[in-house]
$ cat coords34.txt   # compact mmCIF, C-alpha atoms
# COMPACT_ATOMS: atom_id res chain seq x y z
CA MET A 807 78.61 -149.28 -100.26
CA LEU A 808 76.81 -150.24 -97.02
CA LYS A 809 79.18 -150.79 -94.12
CA THR A 810 78.48 -153.90 -92.02
CA SER A 811 81.41 -153.73 -89.59
CA TYR A 812 80.93 -152.25 -86.16
CA ARG A 813 84.67 -151.52 -86.14
CA ASP A 814 84.13 -148.99 -88.92
CA LEU A 815 81.61 -147.20 -86.75
CA LEU A 816 84.02 -147.15 -83.79
CA LEU A 817 86.85 -145.84 -85.97
CA GLN A 818 84.56 -143.20 -87.41
CA GLU A 819 83.59 -142.13 -83.88
CA LEU A 820 87.24 -142.02 -82.86
CA GLU A 821 88.16 -139.88 -85.87
CA LYS A 822 85.28 -137.50 -85.18
CA ARG A 823 86.32 -137.03 -81.56
CA VAL A 824 89.97 -136.52 -82.47
CA ALA A 825 88.92 -133.88 -85.02
CA ASN A 826 86.91 -132.07 -82.33
CA ASN A 827 89.55 -132.43 -79.61
CA SER A 828 93.25 -132.74 -80.46
CA ASN A 829 93.92 -134.24 -77.01
CA TYR A 830 91.57 -137.16 -77.65
CA SER A 831 93.14 -140.44 -78.81
CA LYS A 832 92.66 -144.18 -79.03
CA ARG A 833 94.08 -144.41 -75.52
CA ALA A 834 91.58 -141.80 -74.32
CA MET A 835 88.72 -143.78 -75.85
CA ALA A 836 89.99 -146.92 -74.10
CA ARG A 837 89.91 -145.07 -70.76
CA GLN A 838 86.38 -143.89 -71.50
CA LEU A 839 85.32 -147.47 -72.22
CA LYS A 840 87.20 -148.72 -69.13
CA ILE A 841 89.32 -151.19 -71.11
CA SER A 842 93.06 -151.42 -71.73
CA PRO A 843 94.66 -149.74 -74.77
CA SER A 844 95.75 -153.18 -76.01
CA MET A 845 92.16 -154.42 -75.79
CA MET A 846 91.02 -151.31 -77.68
CA SER A 847 93.53 -152.02 -80.46
CA ALA A 848 92.54 -155.70 -80.58
CA ILE A 849 88.86 -154.76 -81.03
CA LEU A 850 89.60 -152.23 -83.77
CA ASN A 851 91.99 -154.62 -85.55
CA GLY A 852 89.50 -157.50 -85.53
CA LYS A 853 91.48 -159.67 -83.10
CA ARG A 854 88.80 -159.44 -80.40
CA ASN A 855 85.05 -159.57 -80.93
CA LEU A 856 82.35 -157.71 -79.05
CA SER A 857 79.22 -159.27 -77.62
CA PRO A 858 75.82 -157.54 -77.82
CA LYS A 859 76.12 -156.85 -74.06
CA SER A 860 79.53 -155.19 -74.44
CA ALA A 861 78.18 -153.25 -77.44
CA LEU A 862 75.46 -151.82 -75.20
CA ASP A 863 78.06 -150.89 -72.57
CA ILE A 864 80.20 -149.14 -75.19
CA SER A 865 77.19 -147.29 -76.58
CA LYS A 866 76.34 -146.03 -73.11
CA ALA A 867 79.94 -144.99 -72.40
CA LEU A 868 80.20 -143.11 -75.71
CA LYS A 869 76.74 -141.61 -75.19
CA PHE A 870 75.29 -142.84 -78.47
CA ASP A 871 71.69 -141.86 -79.09
CA LYS A 872 69.00 -144.54 -79.22
CA LYS A 873 69.16 -145.12 -82.99
CA THR A 874 72.97 -145.23 -83.13
CA THR A 875 72.98 -147.68 -80.22
CA GLU A 876 70.56 -149.98 -82.00
CA TYR A 877 72.60 -149.70 -85.20
CA PHE A 878 75.87 -150.49 -83.38
CA VAL A 879 74.43 -153.48 -81.51
CA THR A 880 72.88 -154.85 -84.71
CA LEU A 881 76.27 -154.61 -86.47
CA VAL A 882 77.78 -156.66 -83.65
CA GLN A 883 74.99 -159.23 -83.89
CA TYR A 884 75.44 -159.45 -87.67
CA GLU A 885 79.14 -160.21 -87.40
CA THR A 886 78.54 -163.03 -84.90
CA ALA A 887 75.37 -164.47 -86.52
CA MET A 888 75.56 -168.24 -86.80
CA ASN A 889 73.36 -168.91 -89.84
CA ASP A 890 72.31 -167.36 -93.16
CA ASP A 891 68.71 -166.66 -92.09
CA ALA A 892 69.89 -164.62 -89.11
CA ARG A 893 72.43 -162.73 -91.23
CA THR A 894 69.79 -161.94 -93.86
CA PHE A 895 67.39 -160.63 -91.20
CA LEU A 896 70.09 -158.56 -89.51
CA LEU A 897 71.39 -157.16 -92.81
CA GLU A 898 67.92 -155.87 -93.66
CA LYS A 899 67.74 -154.29 -90.21
CA ILE A 900 71.17 -152.68 -90.75
CA GLN A 901 69.99 -151.22 -94.07
CA ASN A 902 67.00 -149.67 -92.33
CA LEU A 903 69.06 -148.30 -89.43
CA ALA A 904 72.09 -147.07 -91.37
CA PRO A 905 72.42 -143.28 -91.29
CA ARG A 906 72.31 -141.38 -94.53
CA ALA A 907 76.08 -141.26 -94.44
CA GLN A 908 76.61 -142.66 -97.91
CA THR A 909 75.77 -139.16 -99.15
CA GLN A 910 78.20 -136.32 -98.78
CA LYS A 911 76.72 -133.04 -97.52
CA LEU A 912 77.88 -129.71 -98.82
CA ASP A 913 78.82 -126.71 -96.79
CA VAL A 914 76.03 -124.10 -96.60
CA ASP A 915 78.25 -121.47 -98.22
CA ILE A 916 78.86 -123.74 -101.21
CA PHE A 917 75.17 -124.56 -101.51
CA ASN A 918 74.45 -120.82 -101.61
CA MET A 919 76.32 -120.71 -104.94
CA ILE A 920 74.29 -123.51 -106.54
CA ALA A 921 70.83 -122.74 -105.14
CA GLU A 922 69.21 -122.49 -108.58
CA TRP A 923 67.28 -125.74 -108.97
CA TYR A 924 69.07 -127.05 -112.10
CA HIS A 925 72.53 -127.39 -110.49
CA VAL A 926 71.58 -130.48 -108.47
CA PRO A 927 69.91 -132.30 -111.40
CA ILE A 928 73.00 -131.63 -113.54
CA LEU A 929 75.11 -133.35 -110.86
CA GLN A 930 72.67 -136.26 -110.67
CA MET A 931 72.38 -136.44 -114.46
CA SER A 932 76.00 -137.60 -114.54
CA HIS A 933 74.92 -140.74 -112.63
CA THR A 934 72.33 -141.74 -115.24
CA SER A 935 72.74 -143.70 -118.46
CA HIS A 936 72.42 -140.35 -120.27
CA ASN A 937 76.11 -140.13 -121.13
CA ASP A 938 75.93 -136.97 -123.25
CA MET A 939 76.86 -134.12 -120.89
CA SER A 940 77.21 -131.52 -123.63
CA ILE A 941 75.64 -128.08 -123.21
CA ASP A 942 73.01 -128.76 -125.88
CA SER A 943 72.08 -132.13 -124.40
CA ILE A 944 71.76 -130.85 -120.83
CA ALA A 945 69.70 -127.86 -121.94
CA LYS A 946 67.26 -130.14 -123.79
CA TYR A 947 67.18 -132.74 -121.00
CA LEU A 948 66.30 -130.19 -118.27
CA GLY A 949 64.39 -127.71 -120.40
CA ILE A 950 66.62 -124.73 -119.60
CA SER A 951 68.63 -122.29 -121.72
CA LYS A 952 72.15 -123.01 -122.97
CA ALA A 953 73.35 -119.91 -121.12
CA MET A 954 72.09 -121.38 -117.84
CA VAL A 955 73.86 -124.66 -118.56
CA THR A 956 77.11 -122.92 -119.50
CA ASN A 957 77.15 -120.88 -116.29
CA ALA A 958 76.15 -123.87 -114.18
CA LEU A 959 78.86 -126.12 -115.60
CA GLU A 960 81.50 -123.44 -115.05
CA ARG A 961 80.35 -122.98 -111.46
CA LEU A 962 80.17 -126.71 -110.69
CA ARG A 963 83.64 -127.23 -112.14
CA ARG A 964 85.08 -124.30 -110.21
CA LEU A 965 83.64 -125.70 -106.98
CA GLU A 966 85.05 -129.13 -107.96
CA LEU A 967 81.62 -130.71 -107.80
CA LEU A 968 81.95 -131.84 -111.42
CA LYS A 969 85.15 -133.38 -112.75
CA GLU A 970 86.16 -135.30 -115.84
CA ASP A 971 86.78 -139.01 -115.31
CA GLU A 972 89.55 -141.02 -116.98
CA ASN A 973 87.47 -141.15 -120.18
CA GLY A 974 86.93 -137.40 -120.25
CA VAL A 975 83.25 -137.70 -119.21
CA LEU A 976 81.88 -135.23 -116.67
CA ARG A 977 80.98 -136.92 -113.37
CA ALA A 978 79.76 -135.58 -110.05
CA SER A 979 82.63 -135.71 -107.56
CA LYS A 980 80.25 -135.75 -104.58
CA SER A 981 77.42 -138.22 -104.16
CA ALA A 982 74.80 -135.76 -102.91
CA VAL A 983 74.25 -132.19 -101.78
CA MET A 984 73.05 -130.63 -98.57
CA THR A 985 69.31 -130.07 -98.53
CA SER A 986 68.75 -129.04 -94.92
CA SER A 987 70.15 -126.61 -92.41
CA PRO A 988 69.62 -126.19 -88.65
CA ILE A 989 69.30 -122.42 -89.12
CA PRO A 990 67.16 -120.42 -91.59
CA ASN A 991 68.92 -120.15 -94.93
CA GLN A 992 67.67 -118.08 -97.87
CA ALA A 993 69.42 -120.20 -100.51
CA LEU A 994 67.83 -123.40 -99.22
CA ARG A 995 64.42 -121.73 -99.06
CA HIS A 996 64.89 -120.59 -102.66
CA PHE A 997 65.86 -124.10 -103.79
CA HIS A 998 62.90 -125.77 -102.07
CA THR A 999 60.50 -123.11 -103.38
CA GLN A 1000 61.65 -123.80 -106.93
CA MET A 1001 61.27 -127.54 -106.45
CA LEU A 1002 57.75 -127.09 -105.05
CA GLN A 1003 56.88 -125.07 -108.15
CA LYS A 1004 58.20 -127.89 -110.34
CA ALA A 1005 56.18 -130.39 -108.29
CA SER A 1006 53.08 -128.33 -109.01
CA LYS A 1007 53.79 -128.52 -112.76
CA ALA A 1008 54.39 -132.28 -112.49
CA LEU A 1009 50.88 -132.67 -111.07
CA GLU A 1010 49.53 -131.32 -114.35
CA ASN A 1011 52.01 -132.75 -116.84
CA GLN A 1012 53.09 -136.19 -115.57
CA GLY A 1013 51.07 -139.38 -115.44
CA ASN A 1014 50.70 -141.58 -112.37
CA HIS A 1015 53.36 -143.97 -113.72
CA GLU A 1016 55.90 -141.10 -113.61
CA LYS A 1017 55.27 -139.74 -110.13
CA PHE A 1018 53.81 -140.37 -106.69
CA VAL A 1019 51.81 -137.71 -104.90
CA GLY A 1020 50.03 -138.27 -101.62
CA SER A 1021 49.08 -136.13 -98.67
CA GLU A 1022 47.27 -136.23 -95.34
CA THR A 1023 46.02 -133.44 -93.09
CA PHE A 1024 45.67 -134.28 -89.40
CA ALA A 1025 45.80 -132.82 -85.90
CA PHE A 1026 49.20 -133.38 -84.29
CA ASP A 1027 51.03 -132.66 -81.04
CA GLU A 1028 54.16 -130.63 -81.88
CA LYS A 1029 55.99 -132.33 -79.01
CA ASP A 1030 56.31 -135.38 -81.27
CA LEU A 1031 57.79 -133.50 -84.24
CA ALA A 1032 61.28 -134.81 -83.46
CA LYS A 1033 59.93 -138.37 -83.61
CA ALA A 1034 58.16 -137.59 -86.89
CA ASN A 1035 61.43 -136.21 -88.28
CA GLU A 1036 63.17 -139.50 -87.43
CA ILE A 1037 60.52 -141.43 -89.39
CA LEU A 1038 60.86 -139.10 -92.38
CA GLU A 1039 64.67 -139.36 -92.29
CA GLU A 1040 64.35 -143.15 -92.31
CA CYS A 1041 62.06 -142.93 -95.34
CA PHE A 1042 64.58 -140.71 -97.15
CA SER A 1043 67.41 -143.08 -96.26
CA LYS A 1044 65.60 -146.12 -97.65
CA ILE A 1045 64.82 -144.45 -100.96
CA VAL A 1046 68.33 -142.97 -101.28
CA ARG A 1047 69.80 -146.46 -100.72
CA LEU A 1048 67.35 -147.92 -103.26
CA ALA A 1049 68.60 -145.38 -105.81
CA ALA A 1050 72.25 -145.99 -104.91
CA ASN A 1051 71.90 -149.73 -105.57
CA GLN A 1052 70.29 -149.34 -108.99
CA LYS A 1053 72.42 -150.16 -112.04
CA HIS A 1054 70.39 -148.59 -114.85
CA LYS A 1055 69.26 -145.03 -114.15
CA LYS A 1056 67.59 -143.11 -116.96
CA ASN A 1057 65.98 -140.12 -115.26
CA VAL A 1058 66.58 -137.68 -112.40
CA TYR A 1059 63.90 -137.52 -109.69
CA HIS A 1060 63.37 -135.13 -106.79
CA LEU A 1061 61.93 -136.46 -103.52
CA GLY A 1062 60.19 -133.97 -101.27
CA ILE A 1063 58.11 -134.60 -98.17
CA GLN A 1064 56.44 -131.67 -96.46
CA LEU A 1065 55.19 -131.64 -92.88
CA PHE A 1066 54.19 -128.21 -91.63
CA ARG A 1067 51.60 -126.40 -89.51
CA VAL A 1068 48.55 -125.34 -91.52
CA ASN A 1069 47.02 -122.94 -89.03
CA GLU A 1070 48.52 -119.45 -89.16
CA VAL A 1071 48.41 -118.79 -85.40
CA PRO A 1072 50.03 -121.51 -83.26
CA SER A 1073 47.96 -122.68 -80.31
$ encode --input "coords34.txt" --output "structure tokens"
Amino acid sequence: MLKTSYRDLLLQELEKRVANNSNYSKRAMARQLKISPSMMSAILNGKRNLSPKSALDISKALKFDKKTTEYFVTLVQYETAMNDDARTFLLEKIQNLAPRAQTQKLDVDIFNMIAEWYHVPILQMSHTSHNDMSIDSIAKYLGISKAMVTNALERLRRLELLKEDENGVLRASKSAVMTSSPIPNQALRHFHTQMLQKASKALENQGNHEKFVGSETFAFDEKDLAKANEILEECFSKIVRLAANQKHKKNVYHLGIQLFRVNEVPS
């Protein structure tokens, strides 16, 4: 569920800093923001409101990046908006700015164990209206052998990524898996290679109503790659949120966007 309270963001930041530094505390954050501990508590408890100006000051003191600052200030504006039109506009802006935090990333070591492409679709299959999670059904649904399904289910259960709900139906216990890493990782490369191969098959076997494929080739200054990555992350976030808000899901899709240098020798 999308969070629309700036207090949640502050609490999340506090928890993150405490986890990284056992000496950090709510009192320490108050000192950093140059306010009293009682004022800090009043803000977090909803007894005092922030203004957009104070939100900017807090963002600067906590050294938020540009996007987080804009997100935080917009949350403050949303809470103090005076009319429905303003709240609707700000809510849409919040949805576009919200980090992809509704998904839960897996540790690289865990992902190494489920790098074969069909593990992730099995997890996502449990979120569809396809309620039959039997070995035969999964094998037919994904077009893989029963032996693959059996091993995958055992592995996903052992890693506690799949659990039975109160009705005995298998459900994914995590909302998403890690699909990126700041350092080269063979398992991730293997996963993406497999998905690119499946994308190639989809070009031949699926109609335009079942897929979207588009590409552009252009000259580009690599100094702006970080900015391009921000745009791509925003695109991913919007589509992930679109999927999260759907009520009737029948199929499992894979979204991949590739941006890479075509020339072999960098200039």
$ residues_around --input "coords34.txt" --residues "Thr999 in chain A" --least-positions-apart "4" --cutoff "12 Å" --atoms "all atoms listed in the file" --output "list of chain:residue names"
A:Ala921, A:Glu922, A:Trp923, A:Gln992, A:Ala993, A:Leu994, A:Arg995, A:Gln1003, A:Lys1004, A:Ala1005, A:Ser1006, A:Gly1062, A:Gln1064
$ atom_distance --input "coords34.txt" --atom1 "CA of Lys853 in chain A" --atom2 "CA of Phe870 in chain A"
23.8 Å
$ residues_around --input "coords34.txt" --residues "range 891-899 of chain A" --least-positions-apart "3" --cutoff "8 Å" --atoms "all atoms listed in the file" --output "list in words"
Thr810, Thr880, Leu881, Gln883, Tyr884, Ala887, Met888, Asn902 and Leu903 of chain A
$ residues_around --input "coords34.txt" --residues "range 844-849 of chain A" --least-positions-apart "4" --cutoff "9 Å" --atoms "all atoms listed in the file" --output "number ranges by chain"
A: 813, 832-833, 835-836, 839, 853-856
$ atom_distance --input "coords34.txt" --atom1 "CA of Lys969 in chain A" --atom2 "CA of Ala945 in chain A"
18.8 Å
$ axis_aligned_box --input "coords34.txt" --around "range 915-927 of chain A" --padding-each-side "4 Å" --output "JSON"
{"center_x": 73.1, "center_y": -126.5, "center_z": -105.2, "size_x": 19.6, "size_y": 19.6, "size_z": 21.9}
$ residues_around --input "coords34.txt" --residues "Glu1022 in chain A" --least-positions-apart "6" --cutoff "12 Å" --atoms "only C-alpha atoms" --output "PDB file with C-alpha atoms, keeping the file's coordinate frame"
ATOM      1  CA  ILE A1063      58.110-134.600 -98.170  1.00  0.00           C
ATOM      2  CA  GLN A1064      56.440-131.670 -96.460  1.00  0.00           C
ATOM      3  CA  LEU A1065      55.190-131.640 -92.880  1.00  0.00           C
ATOM      4  CA  PHE A1066      54.190-128.210 -91.630  1.00  0.00           C
ATOM      5  CA  VAL A1068      48.550-125.340 -91.520  1.00  0.00           C
TER       6      VAL A1068
END
$ atom_distance --input "coords34.txt" --atom1 "CA of Ser932 in chain A" --atom2 "CA of Arg977 in chain A"
5.2 Å
$ closest_residue --input "coords34.txt" --among "A:Val975, A:Thr886, A:Ala1034, A:Asn918" --to "Ser940 in chain A" --atoms "only C-alpha atoms"
A:Val975
$ residues_around --input "coords34.txt" --residues "range 864-866 of chain A" --least-positions-apart "5" --cutoff "10 Å" --atoms "all atoms listed in the file" --output "ChimeraX atom specification"
/A:816,838-840,856,858-859,871-872,874-876,878-879
$ closest_residue --input "coords34.txt" --among "A:Tyr947, A:Tyr830, A:Tyr1059, A:Tyr924" --to "Gln1000 in chain A" --atoms "all atoms listed in the file"
A:Tyr924
$ closest_residue --input "coords34.txt" --among "A:Gly974, A:Gly852, A:Pro927, A:Gly1020" --to "His1060 in chain A" --atoms "only C-alpha atoms"
A:Pro927
$ closest_residue --input "coords34.txt" --among "A:Ser1073, A:Tyr812, A:Arg837, A:Glu821" --to "Ala1025 in chain A" --atoms "all atoms listed in the file"
A:Ser1073
$ closest_residue --input "coords34.txt" --among "A:Gln901, A:Ser943, A:Asn851, A:Ser951" --to "Asp814 in chain A" --atoms "all atoms listed in the file"
A:Asn851
$ closest_residue --input "coords34.txt" --among "A:Ala958, A:Ala953, A:Leu948, A:Met939" --to "Ile920 in chain A" --atoms "all atoms listed in the file"
A:Ala958
